[in-house]
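Q: Here it is: the structure, laid out below.
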2 protein chains.
Amino acid sequence: MFAPRGSTEEVEEGRALAPKFDADGLVTCVATDARSGEVLMVAHMNAEALAKTIASGEAWYYSRSRQRLWRKGETSGHAQRLVEMRIDCDQDAVWIKVEQQGPGACHTGRRSCFYRAVPLGGPGGPRTLEFREAGKAYDPRAVYGDRD
Amino acid sequence: MFAPRGSTEEVEEGRALAPKFDADGLVTCVATDARSGEVLMVAHMNAEALAKTIASGEAWYYSRSRQRLWRKGETSGHAQRLVEMRIDCDQDAVWIKVEQQGPGACHTGRRSCFYRAVPLGGPGGPRTLEFREAGKAYDPRAVYGDRD
């Protein structure tokens with residue numbers, strides 16, 4: 001499914017899918033909600049996860065902590081159906097626009113993993129995060145034995 | 001500016017900013033256009049880039065290929081002013097919503113780095129990428145001596 005890496009010109013301006021997997025064999029994946037545009041999560045894909053995602057239209061990832069392939073929603077039922085996949089200029093990151101199944105993408109019980117804001121500006125002291133999505137969309141303990 | 005990493009509960013449910021930098025000292029950063037929601041680019045920040053971004057409200061990154069800190073737009077003038085920064089559940093990725101200055105974020109001359117789509121489904125053969133933003137918003141050779 002993947003072409004060999006060519007010249008910079010070929011990678012950036014060409015039509016061949018030639019992902020640049022890092023030293024751990026991974027590309028970065030950003031998943032956004034296809035309707036709201038909200039960033040739901042950032043995760044990684046190895047070659048197998050990327051190929052399965054492209055072929056199936058469902059999000060597969062590679063867990064660095066658990067060192068295994070996983071289909072999003074395999075435990076929780078909160079799968080992600082792809083509306084579109086984009087790849088970036090140097091082909092080391094993909095952006096998937098998804099229809100998030102179920103109440104949320106985050107294993108903590110929120111819709112998005114990015115539920116806290118970092119205050120900007122001012123002096124360089126410690127920052128107190130501000131919750132933007134404090135309430136949980138579901139009870140993660142009822143859904144996960146372990147994290148998804 | 002950064003707190004030490006605490007327990008999983010503290011990192012995920014707390015209000016302390018305690019980023020998880022990887023083995024190379026980096027977190028992943030996703031920049032989206034604050035108006036359109038479009039993903040503009042994915043890049044990395046080391047502790048210094050993250051601290052400078054938070055303090056200044058302008059995007060600073062760390063280039064893995066050039067092994068140096070850079071302020072987005074320092075060459076091109078295409079800076080990114082932050083509207084908001086979010087951090088994810090395990091605090092190893094940040095999402096910045098930005099006002100992109102100038103015609104585009106991508107060094108190839110496009111507005112977004114994600115200007116090509118990957119066709120989904122079907123048999124597992126090679127994929128032909130589809131340009132979604134074929135025309136260039138500016139001439140990168142006129143703007144960059146080297147890439148930004």
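If you're wondering about the labels, chains in the structure tokens are A, B, ... by order shown, residues count from 1 in each chain, ligands from 1 in order shown.
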Please identify all polymer residues within 6 Å of Ala49 (chain A), counting only C-alpha atoms, omitting same-chain residues fewer than 4 positions from it, and present them as a ChimeraX atom specification.

A: /A:45,60-61

Q: Once you count only C-alpha atoms, which residues of chain B turn out to be within 8 Å of chain A? Could you give them as a compact mmCIF listing (two decimals) with C-alpha atoms, in the first residue's frame?

A:
```
# COMPACT_ATOMS: atom_id res chain seq x y z
CA MET B 1 6.41 26.88 34.63
CA PHE B 2 5.97 23.09 34.64
CA ALA B 3 5.01 20.93 37.60
CA GLU B 12 -5.54 13.60 34.03
CA GLY B 14 -5.68 17.92 38.09
CA ARG B 15 -5.00 21.56 37.36
CA ALA B 16 -1.20 21.42 37.31
CA LEU B 17 0.58 21.75 33.96
CA VAL B 30 -1.41 20.40 16.56
CA GLY B 37 -11.05 24.71 12.41
CA GLU B 38 -8.78 23.34 9.67
CA VAL B 39 -5.65 21.55 10.85
CA MET B 41 0.22 21.70 10.80
CA VAL B 42 1.60 19.17 13.27
CA ALA B 51 7.32 27.82 27.67
CA ILE B 54 2.74 30.04 26.60
CA ALA B 55 4.49 33.22 27.73
CA SER B 56 4.36 35.06 24.39
CA GLY B 57 1.11 33.80 22.86
CA GLU B 84 -6.20 29.22 22.95
CA MET B 85 -3.96 26.34 24.03
CA ARG B 86 -5.36 23.02 25.18
CA ILE B 87 -3.49 20.05 26.62
CA ASP B 88 -4.61 16.44 26.43
CA CYS B 89 -5.44 13.90 29.12
CA ALA B 93 0.18 16.69 23.25
CA VAL B 94 -1.04 20.26 22.93
CA TRP B 95 -3.61 21.77 20.59
CA CYS B 106 3.00 25.30 5.04
CA THR B 108 5.32 24.37 0.33
CA CYS B 113 0.27 21.19 5.40
CA PHE B 114 -2.60 18.71 4.93
CA TYR B 115 -3.34 19.52 1.28
CA ARG B 116 -3.68 15.92 0.05
CA ALA B 117 -6.30 13.28 0.84
CA VAL B 118 -5.72 9.52 1.03
CA PRO B 119 -8.48 7.51 -0.71
CA LEU B 120 -10.14 5.06 1.68
CA GLY B 121 -11.48 1.52 1.29
CA GLY B 122 -11.15 -0.92 -1.54
CA PRO B 123 -8.33 -3.40 -2.14
CA GLY B 124 -4.94 -2.98 -0.51
CA GLY B 125 -2.92 -1.70 -3.44
CA PRO B 126 -1.01 1.56 -3.82
CA ARG B 127 -2.93 4.76 -3.15
CA THR B 128 -3.03 7.81 -5.38
CA LEU B 129 -3.24 10.94 -3.28
CA GLU B 130 -5.86 13.54 -4.19
```

Q: For the reference chain A, what are the coordinates of chain B after least-squares fitting (all Cα, in-order pairing), as a CSV table (one decimal) with N, CA and C atoms, in the first residue's frame?

A:
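Dumped everything to part.csv:
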```
chain,number,residue,atom,x,y,z
B,1,MET,N,0.8,-1.2,0.0
B,1,MET,CA,0.0,0.0,0.0
B,1,MET,C,0.9,1.3,0.0
B,2,PHE,N,2.1,1.1,0.5
B,2,PHE,CA,2.9,2.3,0.6
B,2,PHE,C,4.1,2.3,-0.4
B,3,ALA,N,4.3,3.5,-1.0
B,3,ALA,CA,5.4,3.6,-1.9
B,3,ALA,C,6.7,3.9,-1.1
B,4,PRO,N,7.9,3.6,-1.7
B,4,PRO,CA,9.1,4.0,-1.1
B,4,PRO,C,9.3,5.5,-1.0
B,5,ARG,N,10.0,6.0,-0.1
B,5,ARG,CA,10.2,7.4,0.0
B,5,ARG,C,11.1,7.9,-1.2
B,6,GLY,N,10.6,9.0,-1.8
B,6,GLY,CA,11.3,9.5,-3.0
B,6,GLY,C,12.1,10.8,-2.6
B,7,SER,N,12.3,11.6,-3.5
B,7,SER,CA,13.0,12.9,-3.3
B,7,SER,C,12.0,13.8,-2.5
B,8,THR,N,12.5,14.9,-1.9
B,8,THR,CA,11.6,15.8,-1.2
B,8,THR,C,10.5,16.3,-2.2
B,9,GLU,N,10.9,16.6,-3.4
B,9,GLU,CA,9.9,17.1,-4.4
B,9,GLU,C,8.8,16.0,-4.6
B,10,GLU,N,9.2,14.7,-4.7
B,10,GLU,CA,8.2,13.7,-4.9
B,10,GLU,C,7.3,13.5,-3.7
B,11,VAL,N,7.9,13.5,-2.5
B,11,VAL,CA,7.1,13.4,-1.3
B,11,VAL,C,6.1,14.5,-1.1
B,12,GLU,N,6.6,15.7,-1.4
B,12,GLU,CA,5.7,16.9,-1.1
B,12,GLU,C,4.7,17.2,-2.2
B,13,GLU,N,5.1,17.0,-3.4
B,13,GLU,CA,4.3,17.4,-4.6
B,13,GLU,C,3.7,16.3,-5.4
B,14,GLY,N,4.1,15.0,-5.0
B,14,GLY,CA,3.6,13.9,-5.7
B,14,GLY,C,2.3,13.3,-5.2
B,15,ARG,N,1.9,12.2,-5.9
B,15,ARG,CA,0.6,11.6,-5.6
B,15,ARG,C,0.8,10.2,-5.0
B,16,ALA,N,2.1,9.8,-4.7
B,16,ALA,CA,2.3,8.5,-4.1
B,16,ALA,C,2.2,8.6,-2.6
B,17,LEU,N,1.6,7.7,-2.0
B,17,LEU,CA,1.5,7.6,-0.5
B,17,LEU,C,2.8,7.0,0.0
B,18,ALA,N,3.7,7.8,0.6
B,18,ALA,CA,5.0,7.3,1.0
B,18,ALA,C,5.3,7.8,2.4
B,19,PRO,N,4.6,7.2,3.4
B,19,PRO,CA,4.7,7.8,4.8
B,19,PRO,C,6.1,7.7,5.4
B,20,LYS,N,6.4,8.6,6.2
B,20,LYS,CA,7.7,8.6,6.9
B,20,LYS,C,7.5,8.1,8.3
B,21,PHE,N,7.8,6.9,8.5
B,21,PHE,CA,7.6,6.3,9.9
B,21,PHE,C,8.9,6.7,10.7
B,22,ASP,N,8.7,7.0,11.9
B,22,ASP,CA,9.9,7.5,12.7
B,22,ASP,C,10.7,6.3,13.2
B,23,ALA,N,11.7,6.5,14.1
B,23,ALA,CA,12.6,5.5,14.5
B,23,ALA,C,11.8,4.3,15.2
B,24,ASP,N,10.6,4.6,15.8
B,24,ASP,CA,9.8,3.6,16.4
B,24,ASP,C,8.8,3.0,15.4
B,25,GLY,N,8.9,3.4,14.1
B,25,GLY,CA,7.9,2.9,13.1
B,25,GLY,C,6.6,3.5,13.2
B,26,LEU,N,6.5,4.8,13.6
B,26,LEU,CA,5.2,5.4,13.8
B,26,LEU,C,5.0,6.7,13.1
B,27,VAL,N,3.7,7.0,12.7
B,27,VAL,CA,3.4,8.4,12.3
B,27,VAL,C,2.4,8.9,13.3
B,28,THR,N,2.3,10.2,13.4
B,28,THR,CA,1.3,10.9,14.3
B,28,THR,C,0.0,11.0,13.6
B,29,CYS,N,-1.1,10.8,14.4
B,29,CYS,CA,-2.4,10.9,13.8
B,29,CYS,C,-3.2,11.9,14.7
B,30,VAL,N,-3.8,12.9,14.1
B,30,VAL,CA,-4.8,13.8,14.7
B,30,VAL,C,-6.2,13.4,14.3
B,31,ALA,N,-7.1,13.2,15.2
B,31,ALA,CA,-8.5,12.9,14.9
B,31,ALA,C,-9.3,14.1,15.3
B,32,THR,N,-10.1,14.6,14.3
B,32,THR,CA,-11.0,15.7,14.6
B,32,THR,C,-12.4,15.2,14.3
B,33,ASP,N,-13.4,15.8,15.0
B,33,ASP,CA,-14.8,15.6,14.8
B,33,ASP,C,-15.2,16.2,13.5
B,34,ALA,N,-15.7,15.3,12.6
B,34,ALA,CA,-16.1,15.8,11.2
B,34,ALA,C,-17.1,16.9,11.2
B,35,ARG,N,-17.9,17.0,12.3
B,35,ARG,CA,-19.0,18.0,12.3
B,35,ARG,C,-18.5,19.3,13.0
B,36,SER,N,-17.9,19.1,14.2
B,36,SER,CA,-17.6,20.3,15.0
B,36,SER,C,-16.2,20.9,14.7
B,37,GLY,N,-15.3,20.0,14.1
B,37,GLY,CA,-13.9,20.4,13.9
B,37,GLY,C,-13.0,20.3,15.1
B,38,GLU,N,-13.6,20.0,16.2
B,38,GLU,CA,-12.9,19.9,17.5
B,38,GLU,C,-11.8,18.8,17.4
B,39,VAL,N,-10.6,19.0,17.9
B,39,VAL,CA,-9.6,17.9,18.0
B,39,VAL,C,-10.1,17.0,19.1
B,40,LEU,N,-10.2,15.7,18.7
B,40,LEU,CA,-10.7,14.7,19.7
B,40,LEU,C,-9.5,14.1,20.4
B,41,MET,N,-8.5,13.7,19.6
B,41,MET,CA,-7.3,13.0,20.2
B,41,MET,C,-6.1,13.1,19.3
B,42,VAL,N,-5.0,12.8,19.8
B,42,VAL,CA,-3.7,12.7,19.1
B,42,VAL,C,-3.2,11.3,19.5
B,43,ALA,N,-2.9,10.5,18.5
B,43,ALA,CA,-2.3,9.2,18.8
B,43,ALA,C,-1.3,8.8,17.7
B,44,HIS,N,-0.9,7.5,17.7
B,44,HIS,CA,0.1,7.1,16.7
B,44,HIS,C,-0.4,5.9,16.0
B,45,MET,N,0.1,5.7,14.7
B,45,MET,CA,-0.2,4.6,13.9
B,45,MET,C,1.2,4.0,13.4
B,46,ASN,N,1.3,2.7,13.5
B,46,ASN,CA,2.4,2.0,12.8
B,46,ASN,C,1.9,1.7,11.4
B,47,ALA,N,2.7,1.0,10.6
B,47,ALA,CA,2.3,0.7,9.2
B,47,ALA,C,1.1,-0.1,9.1
B,48,GLU,N,1.0,-1.1,10.1
B,48,GLU,CA,-0.2,-1.9,10.0
B,48,GLU,C,-1.5,-1.2,10.4
B,49,ALA,N,-1.4,-0.3,11.4
B,49,ALA,CA,-2.5,0.5,11.9
B,49,ALA,C,-3.0,1.4,10.7
B,50,LEU,N,-2.0,2.0,10.1
B,50,LEU,CA,-2.3,3.0,9.0
B,50,LEU,C,-3.0,2.2,7.8
B,51,ALA,N,-2.4,1.1,7.5
B,51,ALA,CA,-3.0,0.3,6.4
B,51,ALA,C,-4.4,-0.2,6.7
B,52,LYS,N,-4.6,-0.6,8.0
B,52,LYS,CA,-6.0,-1.1,8.4
B,52,LYS,C,-7.0,0.1,8.4
B,53,THR,N,-6.5,1.2,8.8
B,53,THR,CA,-7.4,2.4,8.8
B,53,THR,C,-7.8,2.8,7.4
B,54,ILE,N,-6.9,2.8,6.5
B,54,ILE,CA,-7.2,3.1,5.1
B,54,ILE,C,-8.1,2.1,4.5
B,55,ALA,N,-7.8,0.8,4.7
B,55,ALA,CA,-8.6,-0.2,4.1
B,55,ALA,C,-10.1,-0.3,4.6
B,56,SER,N,-10.2,-0.1,6.0
B,56,SER,CA,-11.5,-0.3,6.6
B,56,SER,C,-12.3,0.9,6.8
B,57,GLY,N,-11.7,2.1,6.8
B,57,GLY,CA,-12.4,3.3,7.1
B,57,GLY,C,-12.7,3.5,8.5
B,58,GLU,N,-12.1,2.7,9.4
B,58,GLU,CA,-12.2,2.8,10.8
B,58,GLU,C,-10.9,3.0,11.4
B,59,ALA,N,-10.8,3.8,12.5
B,59,ALA,CA,-9.5,4.2,13.1
B,59,ALA,C,-8.9,3.1,13.9
B,60,TRP,N,-7.7,2.7,13.5
B,60,TRP,CA,-6.8,1.8,14.2
B,60,TRP,C,-5.6,2.6,14.6
B,61,TYR,N,-5.1,2.3,15.8
B,61,TYR,CA,-3.9,3.0,16.3
B,61,TYR,C,-2.9,1.9,16.9
B,62,TYR,N,-1.7,2.5,17.2
B,62,TYR,CA,-0.7,1.6,17.9
B,62,TYR,C,-0.4,2.3,19.2
B,63,SER,N,-0.6,1.5,20.3
B,63,SER,CA,-0.4,2.0,21.6
B,63,SER,C,1.1,1.8,22.0
B,64,ARG,N,1.8,3.0,22.2
B,64,ARG,CA,3.2,2.9,22.6
B,64,ARG,C,3.3,2.3,24.0
B,65,SER,N,2.4,2.6,24.9
B,65,SER,CA,2.5,2.1,26.3
B,65,SER,C,2.2,0.6,26.3
B,66,ARG,N,1.2,0.2,25.6
B,66,ARG,CA,0.9,-1.2,25.6
B,66,ARG,C,1.6,-2.0,24.5
B,67,GLN,N,2.3,-1.3,23.6
B,67,GLN,CA,3.0,-2.0,22.5
B,67,GLN,C,2.1,-2.9,21.7
B,68,ARG,N,0.9,-2.4,21.4
B,68,ARG,CA,0.1,-3.3,20.5
B,68,ARG,C,-0.9,-2.4,19.7
B,69,LEU,N,-1.3,-3.1,18.6
B,69,LEU,CA,-2.3,-2.5,17.7
B,69,LEU,C,-3.7,-2.5,18.4
B,70,TRP,N,-4.5,-1.5,18.2
B,70,TRP,CA,-5.8,-1.5,18.7
B,70,TRP,C,-6.8,-0.7,17.8
B,71,ARG,N,-8.0,-1.3,17.7
B,71,ARG,CA,-9.0,-0.6,17.0
B,71,ARG,C,-9.8,0.3,17.9
B,72,LYS,N,-9.9,1.6,17.6
B,72,LYS,CA,-10.6,2.5,18.5
B,72,LYS,C,-12.0,2.0,18.7
B,73,GLY,N,-12.4,1.8,20.0
B,73,GLY,CA,-13.7,1.4,20.3
B,73,GLY,C,-13.8,-0.1,20.5
B,74,GLU,N,-12.7,-0.8,20.4
B,74,GLU,CA,-12.8,-2.3,20.6
B,74,GLU,C,-13.2,-2.7,22.0
B,75,THR,N,-12.9,-1.9,23.0
B,75,THR,CA,-13.3,-2.1,24.3
B,75,THR,C,-14.6,-1.3,24.6
B,76,SER,N,-14.6,-0.1,24.2
B,76,SER,CA,-15.7,0.8,24.7
B,76,SER,C,-16.9,0.9,23.7
B,77,GLY,N,-16.7,0.4,22.5
B,77,GLY,CA,-17.7,0.7,21.5
B,77,GLY,C,-17.6,2.0,20.8
B,78,HIS,N,-16.7,2.9,21.3
B,78,HIS,CA,-16.6,4.3,20.8
B,78,HIS,C,-15.7,4.3,19.6
B,79,ALA,N,-16.1,3.7,18.6
B,79,ALA,CA,-15.3,3.6,17.3
B,79,ALA,C,-15.3,5.0,16.6
B,80,GLN,N,-14.4,5.1,15.7
B,80,GLN,CA,-14.3,6.3,14.8
B,80,GLN,C,-14.4,5.9,13.4
B,81,ARG,N,-15.4,6.4,12.7
B,81,ARG,CA,-15.6,6.1,11.3
B,81,ARG,C,-15.0,7.3,10.5
B,82,LEU,N,-14.1,7.0,9.6
B,82,LEU,CA,-13.5,8.1,8.8
B,82,LEU,C,-14.4,8.7,7.8
B,83,VAL,N,-14.4,10.0,7.8
B,83,VAL,CA,-15.0,10.8,6.7
B,83,VAL,C,-13.9,11.1,5.6
B,84,GLU,N,-12.7,11.4,6.1
B,84,GLU,CA,-11.6,11.7,5.2
B,84,GLU,C,-10.3,11.5,6.0
B,85,MET,N,-9.3,11.2,5.2
B,85,MET,CA,-7.9,11.2,5.7
B,85,MET,C,-7.1,12.1,4.9
B,86,ARG,N,-6.3,12.9,5.6
B,86,ARG,CA,-5.3,13.8,4.9
B,86,ARG,C,-3.9,13.4,5.4
B,87,ILE,N,-2.9,13.7,4.5
B,87,ILE,CA,-1.5,13.5,4.9
B,87,ILE,C,-0.8,14.8,4.7
B,88,ASP,N,0.2,15.0,5.6
B,88,ASP,CA,0.9,16.3,5.5
B,88,ASP,C,2.0,16.3,4.5
B,89,CYS,N,2.7,17.5,4.4
B,89,CYS,CA,3.6,17.7,3.3
B,89,CYS,C,4.8,16.7,3.3
B,90,ASP,N,5.4,16.4,4.5
B,90,ASP,CA,6.5,15.5,4.5
B,90,ASP,C,6.0,14.0,4.8
B,91,GLN,N,4.7,13.9,4.9
B,91,GLN,CA,4.1,12.6,5.1
B,91,GLN,C,4.5,11.8,6.4
B,92,ASP,N,4.7,12.6,7.5
B,92,ASP,CA,4.9,11.9,8.7
B,92,ASP,C,3.8,12.2,9.7
B,93,ALA,N,2.7,12.7,9.2
B,93,ALA,CA,1.5,12.9,10.1
B,93,ALA,C,0.2,12.8,9.3
B,94,VAL,N,-0.8,12.2,9.8
B,94,VAL,CA,-2.1,12.2,9.1
B,94,VAL,C,-3.2,12.8,10.0
B,95,TRP,N,-4.1,13.4,9.3
B,95,TRP,CA,-5.3,14.0,10.0
B,95,TRP,C,-6.5,13.2,9.5
B,96,ILE,N,-7.3,12.7,10.4
B,96,ILE,CA,-8.5,12.0,10.1
B,96,ILE,C,-9.7,12.8,10.6
B,97,LYS,N,-10.7,13.0,9.8
B,97,LYS,CA,-11.9,13.6,10.2
B,97,LYS,C,-12.9,12.4,10.4
B,98,VAL,N,-13.4,12.4,11.6
B,98,VAL,CA,-14.2,11.2,12.0
B,98,VAL,C,-15.6,11.5,12.5
B,99,GLU,N,-16.4,10.5,12.3
B,99,GLU,CA,-17.7,10.4,13.1
B,99,GLU,C,-17.4,9.6,14.3
B,100,GLN,N,-17.4,10.3,15.4
B,100,GLN,CA,-17.1,9.6,16.7
B,100,GLN,C,-18.4,8.9,17.2
B,101,GLN,N,-18.3,7.6,17.3
B,101,GLN,CA,-19.4,6.8,17.8
B,101,GLN,C,-19.5,6.9,19.3
B,102,GLY,N,-20.6,6.9,19.9
B,102,GLY,CA,-20.8,6.9,21.4
B,102,GLY,C,-20.5,8.3,21.9
B,103,PRO,N,-20.5,8.4,23.2
B,103,PRO,CA,-20.4,9.8,23.9
B,103,PRO,C,-19.1,10.4,23.8
B,104,GLY,N,-18.0,9.7,23.6
B,104,GLY,CA,-16.7,10.4,23.6
B,104,GLY,C,-15.5,9.6,23.2
B,105,ALA,N,-14.4,10.3,22.8
B,105,ALA,CA,-13.2,9.7,22.4
B,105,ALA,C,-12.2,9.4,23.5
B,106,CYS,N,-12.3,10.2,24.6
B,106,CYS,CA,-11.3,10.1,25.7
B,106,CYS,C,-11.6,9.1,26.7
B,107,HIS,N,-10.6,8.4,27.1
B,107,HIS,CA,-10.7,7.3,28.1
B,107,HIS,C,-11.1,7.8,29.5
B,108,THR,N,-11.0,9.2,29.7
B,108,THR,CA,-11.3,9.7,31.0
B,108,THR,C,-12.8,10.0,31.1
B,109,GLY,N,-13.5,9.8,29.9
B,109,GLY,CA,-15.0,10.0,30.0
B,109,GLY,C,-15.4,11.3,29.3
B,110,ARG,N,-14.5,12.0,28.7
B,110,ARG,CA,-14.9,13.2,28.0
B,110,ARG,C,-15.0,13.0,26.5
B,111,ARG,N,-15.7,13.9,25.8
B,111,ARG,CA,-15.8,13.8,24.4
B,111,ARG,C,-14.4,13.9,23.7
B,112,SER,N,-13.6,14.9,24.1
B,112,SER,CA,-12.3,15.2,23.6
B,112,SER,C,-11.2,15.0,24.7
B,113,CYS,N,-10.0,14.5,24.3
B,113,CYS,CA,-8.9,14.4,25.2
B,113,CYS,C,-8.4,15.8,25.6
B,114,PHE,N,-8.8,16.9,24.8
B,114,PHE,CA,-8.3,18.2,25.1
B,114,PHE,C,-9.3,19.0,25.9
B,115,TYR,N,-9.5,18.6,27.1
B,115,TYR,CA,-10.6,19.2,27.9
B,115,TYR,C,-10.1,20.3,28.9
B,116,ARG,N,-8.8,20.6,28.8
B,116,ARG,CA,-8.2,21.6,29.7
B,116,ARG,C,-7.4,22.6,28.9
B,117,ALA,N,-7.6,23.9,29.2
B,117,ALA,CA,-6.9,25.0,28.6
B,117,ALA,C,-5.7,25.4,29.4
B,118,VAL,N,-4.6,25.9,28.8
B,118,VAL,CA,-3.5,26.4,29.4
B,118,VAL,C,-3.5,27.9,29.3
B,119,PRO,N,-3.6,28.7,30.5
B,119,PRO,CA,-3.6,30.1,30.4
B,119,PRO,C,-2.3,30.7,29.8
B,120,LEU,N,-2.5,31.7,28.9
B,120,LEU,CA,-1.4,32.2,28.2
B,120,LEU,C,-1.0,33.6,28.7
B,121,GLY,N,0.3,34.0,28.4
B,121,GLY,CA,0.8,35.3,28.8
B,121,GLY,C,1.2,35.4,30.2
B,122,GLY,N,1.6,36.6,30.6
B,122,GLY,CA,1.9,36.9,32.0
B,122,GLY,C,3.3,36.4,32.4
B,123,PRO,N,3.6,36.4,33.7
B,123,PRO,CA,4.9,36.0,34.1
B,123,PRO,C,5.1,34.5,34.0
B,124,GLY,N,6.3,34.0,34.2
B,124,GLY,CA,6.6,32.6,33.9
B,124,GLY,C,6.4,31.6,34.9
B,125,GLY,N,5.5,31.9,35.9
B,125,GLY,CA,5.3,30.9,37.0
B,125,GLY,C,4.4,29.7,36.6
B,126,PRO,N,4.1,28.9,37.6
B,126,PRO,CA,3.3,27.7,37.3
B,126,PRO,C,1.9,28.1,36.7
B,127,ARG,N,1.4,27.3,36.0
B,127,ARG,CA,0.1,27.5,35.3
B,127,ARG,C,-1.0,26.7,35.9
B,128,THR,N,-2.2,27.2,36.1
B,128,THR,CA,-3.3,26.5,36.6
B,128,THR,C,-4.3,26.2,35.4
B,129,LEU,N,-4.4,25.0,35.1
B,129,LEU,CA,-5.2,24.6,33.9
B,129,LEU,C,-6.7,24.9,34.2
B,130,GLU,N,-7.4,25.3,33.1
B,130,GLU,CA,-8.8,25.6,33.2
B,130,GLU,C,-9.6,24.5,32.5
B,131,PHE,N,-10.5,23.9,33.2
B,131,PHE,CA,-11.4,22.9,32.6
B,131,PHE,C,-12.3,23.5,31.6
B,132,ARG,N,-12.4,22.9,30.4
B,132,ARG,CA,-13.3,23.4,29.4
B,132,ARG,C,-14.5,22.4,29.2
B,133,GLU,N,-14.2,21.2,29.7
B,133,GLU,CA,-15.2,20.1,29.6
B,133,GLU,C,-15.1,19.3,30.9
B,134,ALA,N,-15.6,19.9,31.9
B,134,ALA,CA,-15.3,19.3,33.3
B,134,ALA,C,-16.2,18.1,33.5
B,135,GLY,N,-17.5,18.2,33.0
B,135,GLY,CA,-18.4,17.1,33.2
B,135,GLY,C,-18.0,15.9,32.3
B,136,LYS,N,-18.3,14.7,32.8
B,136,LYS,CA,-18.0,13.5,32.0
B,136,LYS,C,-19.2,13.1,31.2
B,137,ALA,N,-18.9,12.8,29.9
B,137,ALA,CA,-20.0,12.4,29.0
B,137,ALA,C,-20.4,11.0,29.3
B,138,TYR,N,-19.6,10.2,30.0
B,138,TYR,CA,-19.9,8.8,30.4
B,138,TYR,C,-19.0,8.4,31.5
B,139,ASP,N,-19.3,7.3,32.2
B,139,ASP,CA,-18.5,6.9,33.3
B,139,ASP,C,-17.5,5.9,32.8
B,140,PRO,N,-16.2,6.3,32.8
B,140,PRO,CA,-15.2,5.5,32.2
B,140,PRO,C,-15.0,4.1,32.9
B,141,ARG,N,-15.3,4.1,34.2
B,141,ARG,CA,-15.2,2.8,34.9
B,141,ARG,C,-16.2,1.8,34.5
B,142,ALA,N,-17.3,2.3,34.0
B,142,ALA,CA,-18.4,1.4,33.6
B,142,ALA,C,-18.1,0.9,32.1
B,143,VAL,N,-17.3,1.6,31.4
B,143,VAL,CA,-17.0,1.3,30.0
B,143,VAL,C,-15.7,0.5,29.8
B,144,TYR,N,-14.7,0.9,30.5
B,144,TYR,CA,-13.4,0.3,30.4
B,144,TYR,C,-13.0,-0.6,31.6
B,145,GLY,N,-12.5,-1.8,31.3
B,145,GLY,CA,-11.8,-2.4,32.3
B,145,GLY,C,-10.4,-1.8,32.4
B,146,ASP,N,-9.9,-1.6,31.2
B,146,ASP,CA,-8.6,-0.8,31.1
B,146,ASP,C,-8.9,0.3,30.1
B,147,ARG,N,-7.9,1.1,29.9
B,147,ARG,CA,-8.1,2.2,29.0
B,147,ARG,C,-8.2,1.8,27.5
B,148,ASP,N,-8.9,2.5,26.7
B,148,ASP,CA,-9.1,2.2,25.3
B,148,ASP,C,-8.0,2.8,24.4
```
